[in-house]
Amino acid sequence: MSDSEIVLKLLVIDDEALNLGLIKLALEQPGLDIVTTTDPDEGLAMVREKRPEIVLLDLMLSQRSGMDLLEEIVACDPGTEVIMMTGYYSAESAVEAIRKGAADYLTKPLDVSALRMRISRMISEHRSRKFTTQLDQQMVDTFQLDGIVGRSPLILDVFSAIRRVAPHFRTALITGDTGTGKELVAHALHRRSPVSDKTFAVCNCAALVETLFESELFGHVRGAFTGATQDKVGLFEYAHQGTVFLDEIGDMPLAGQAKLLRVLQNQEVQRVGSTAVRKVDVRFIAATNKDLRSLIRERTFREDLYYRLSMLEIKLPNLVDRKEDLPLLQRYFIEKFATQYDKPIRGLTRRAQALLGRHDWPGNVRELENIIGKACMMVEGTVIDAKDLPPHLHKTPVLTHLDDDKLLSMEEVGQRHLVRVLERMGGDKSRSAEVLGISRTTLYSMLAKIDSPQKDQPTGTPATRSA
Ligand SMILES: Nc1ncnc2c1ncn2[C@@H]1O[C@H](COP(=O)(O)OP(=O)(O)OP(=O)(O)O)[C@@H](O)[C@H]1O
Ligand SMILES: [Mg+2]
């Protein structure tokens, strides 16, 4: 789609027909399709049907309150930018409108040239957002390797390690915190190995029962122990000529580690209860989210096994260190769950994106996948909003100073407002400075103060935020 084909829809709801005509005349410009109505119910129906990106809404409608209508519009599509207009400014109603999801609050008579500029900016913003979404989609296709999505330098290093290691490895170790994608990498290594058409056998070492692991991995012969009523092929033999994935290797019992080392060195197995030695030709991939070196210090992991395994190590980076991958991953998971739940979900609002961008992701990609999955399941409209995200992402409540009784200093109010604007601007500091009417230098110095609060600063301020 070219830029010129993207047309934004603007709906104006005002009970004075004269106003409608004037606004329409003042705002008309290429790329904007303006519809108007004096009837609030018809307006709401138009929102449902036409899905306008921008709504200009009069606060004092004769038939019903503009504030209620605002709520209904936002509930219908939280991605809509609703600009409230009123002839009777009051701080309370301005605050209420913003809290209910209005993008702005303007007083009449309208400063038409400012409004026109603002709408023009929204058009170009919308275009670039749409363009970025398309780009992200193309990027998702381009920047992924066997289902591992990412484009950060850190993940590209992982891709190239997989490509280099896969054709040749006999043993490989994948390390990284929980949820970083170790299992995906293990599959990719097998899929790109010369034995991709052979067995890929998974052994979850954490789930091995100490007394049974030997029989599970090496097999046994009939009569080897009580209950061994027939011969059993172990996992290593089963995966002959293929790959064995030893997941959670850090949890393997010490006795098992000694036996595994022997298999790695000699490529031989002995079934329990048998003296016959069988040759196996197997590639090994081990993975762990534990720090094997500290397990060695604690004497729960064998050093010789570690050296044997770690000759080829692929380390997966944490998501917090590669936040550049967030937009792609978000798009990838939205696509996945929208298809799974058969819902027409388009994306995330800027507020939601800002929340995701600020989070530290201790559960890494798995945490992101779960959050987006849940939001996609619950969301009613076509965009995921901040309210569809779990409470722990909402570290700093927006505009809380209006709810609590605590009296704030002007500086604290300013800090909270700054944080709110940053959220709205998706973390874009230049745009935020522009909106706030301050220089970027001032904005940075305000942020520095928020990030390194005074010792006696009351709790509940946005002090812990890193914007
Ligand atoms: N880069 C990625 N692109 C797409 N999906 C990913 C990516 N990384 C992880 N995932 C998804 O996140 C989830 C967790 O990944 P995986 O099971 O590979 O993590 P892990 O590193 O093995 O974690 P653990 O140590 O807890 O076992 C999976 O559903 C996986 O598909
Ligand atoms: Mg895993």
# chains A, B, ... in the order shown; residues from 1 in each chain; ligands from 1

$ residues_near_ligand --ligand "ligand 1" --cutoff "9 Å" --atoms "only C-alpha atoms and all ligand atoms" --output "PyMOL selection string"
chain A and resi 144-150+155+174-186+247-248+287-290+316+319+325+328-329+332-333+363-370

$ residues_around --residues "Ala103 (chain A)" --least-positions-apart "5" --cutoff "8 Å" --atoms "only C-alpha atoms" --output "MDAnalysis selection string"
chainID A and resid 81:84 98

$ write_last_selection --atoms "C-alpha atoms" --output "PDB file, in the first residue's frame"
ATOM      1  CA  GLU A  81      -7.958   9.033  19.263  1.00  0.00           C
ATOM      2  CA  VAL A  82     -10.831  10.980  20.792  1.00  0.00           C
ATOM      3  CA  ILE A  83     -10.391  14.739  21.067  1.00  0.00           C
ATOM      4  CA  MET A  84     -12.918  16.399  23.353  1.00  0.00           C
ATOM      5  CA  ILE A  98      -8.122  12.228  29.815  1.00  0.00           C
TER       6      ILE A  98
END

$ residues_around --residues "Gln137 (chain A)" --least-positions-apart "6" --cutoff "10 Å" --atoms "only C-alpha atoms" --output "list of chain:residue names"
A:Phe131, A:Phe143, A:Pro327, A:Leu328, A:Arg331, A:Tyr332, A:Glu335

$ atom_distance --atom1 "CA of Phe159 (chain A)" --atom2 "CA of Gln138 (chain A)"
18.0 Å

$ select_by_dssp --residues "region 110-333 of chain A" --states "strand (DSSP E)" --output "VMD selection string"
chain A and resid 144 to 145 148 to 149 171 to 175 200 to 204 219 to 220 232 to 233 243 to 247 268 to 269 278 to 279 283 to 288 313 to 315

$ select_by_dssp --residues "region 193-327 of chain A" --states "helix (DSSP H, G or I)" --output "PyMOL selection string"
chain A and resi 205-207+213-218+235-238+249-251+254-266+292-297+303-309+319-327

$ closest_residue --among "A:Glu324, A:Glu237, A:Asp197, A:Asp360" --to "His392 (chain A)" --atoms "only C-alpha atoms"
A:Asp360

$ residues_around --residues "Leu44 (chain A)" --least-positions-apart "5" --cutoff "12 Å" --atoms "only C-alpha atoms" --output "list of chain:residue names"
A:Leu11, A:Val12, A:Ile13, A:Thr36, A:Thr37, A:Thr38, A:Asp39, A:Glu49, A:Lys50, A:Arg51, A:Pro52, A:Val55, A:Leu57, A:Arg64, A:Gly66, A:Asp68, A:Leu69, A:Leu70, A:Glu71, A:Glu72, A:Ile73, A:Val74, A:Ala75, A:Cys76, A:Asp77

$ atom_distance --atom1 "CA of Tyr307 (chain A)" --atom2 "CA of Asn266 (chain A)"
15.7 Å

$ residues_around --residues "Leu8 (chain A)" --least-positions-apart "4" --cutoff "9 Å" --atoms "only C-alpha atoms" --output "PyMOL selection string"
chain A and resi 31-34+52-54+123+126-127

$ atom_distance --atom1 "CA of Leu436 (chain A)" --atom2 "CA of Leu355 (chain A)"
20.2 Å

$ closest_residue --among "A:Met46, A:Gly273, A:Val195, A:Ala188" --to "Thr226 (chain A)" --atoms "only C-alpha atoms"
A:Gly273

$ closest_residue --among "A:Lys374, A:Lys9, A:Arg416, A:His187" --to "ligand 2" --atoms "only C-alpha atoms and all ligand atoms"
A:His187

$ closest_residue --among "A:Ala286, A:Ala255, A:Met117, A:Leu312" --to "ligand 2" --atoms "only C-alpha atoms and all ligand atoms"
A:Ala286

$ closest_residue --among "A:Val421, A:Leu217, A:Glu412, A:Leu246" --to "ligand 2" --atoms "only C-alpha atoms and all ligand atoms"
A:Leu246

$ residues_around --residues "Lys232 (chain A)" --least-positions-apart "4" --cutoff "8 Å" --atoms "only C-alpha atoms" --output "compact mmCIF listing (two decimals) with N, CA and C atoms, in the first residue's frame"
# COMPACT_ATOMS: atom_id res chain seq x y z
N SER A 215 17.89 -47.20 33.12
CA SER A 215 17.10 -48.02 32.22
C SER A 215 16.48 -47.16 31.11
N GLY A 219 18.55 -48.52 28.44
CA GLY A 219 17.74 -49.72 28.20
C GLY A 219 18.10 -50.82 29.20
N HIS A 220 17.39 -51.92 29.15
CA HIS A 220 17.72 -53.04 30.02
C HIS A 220 17.36 -54.36 29.33
N VAL A 221 17.86 -55.42 29.91
CA VAL A 221 17.47 -56.74 29.38
C VAL A 221 16.49 -57.38 30.35
N ARG A 222 15.78 -58.35 29.82
CA ARG A 222 14.78 -59.03 30.63
C ARG A 222 15.41 -59.63 31.88

$ closest_residue --among "A:Asp41, A:Asn204, A:Gln265, A:Ala114" --to "ligand 2" --atoms "only C-alpha atoms and all ligand atoms"
A:Asn204
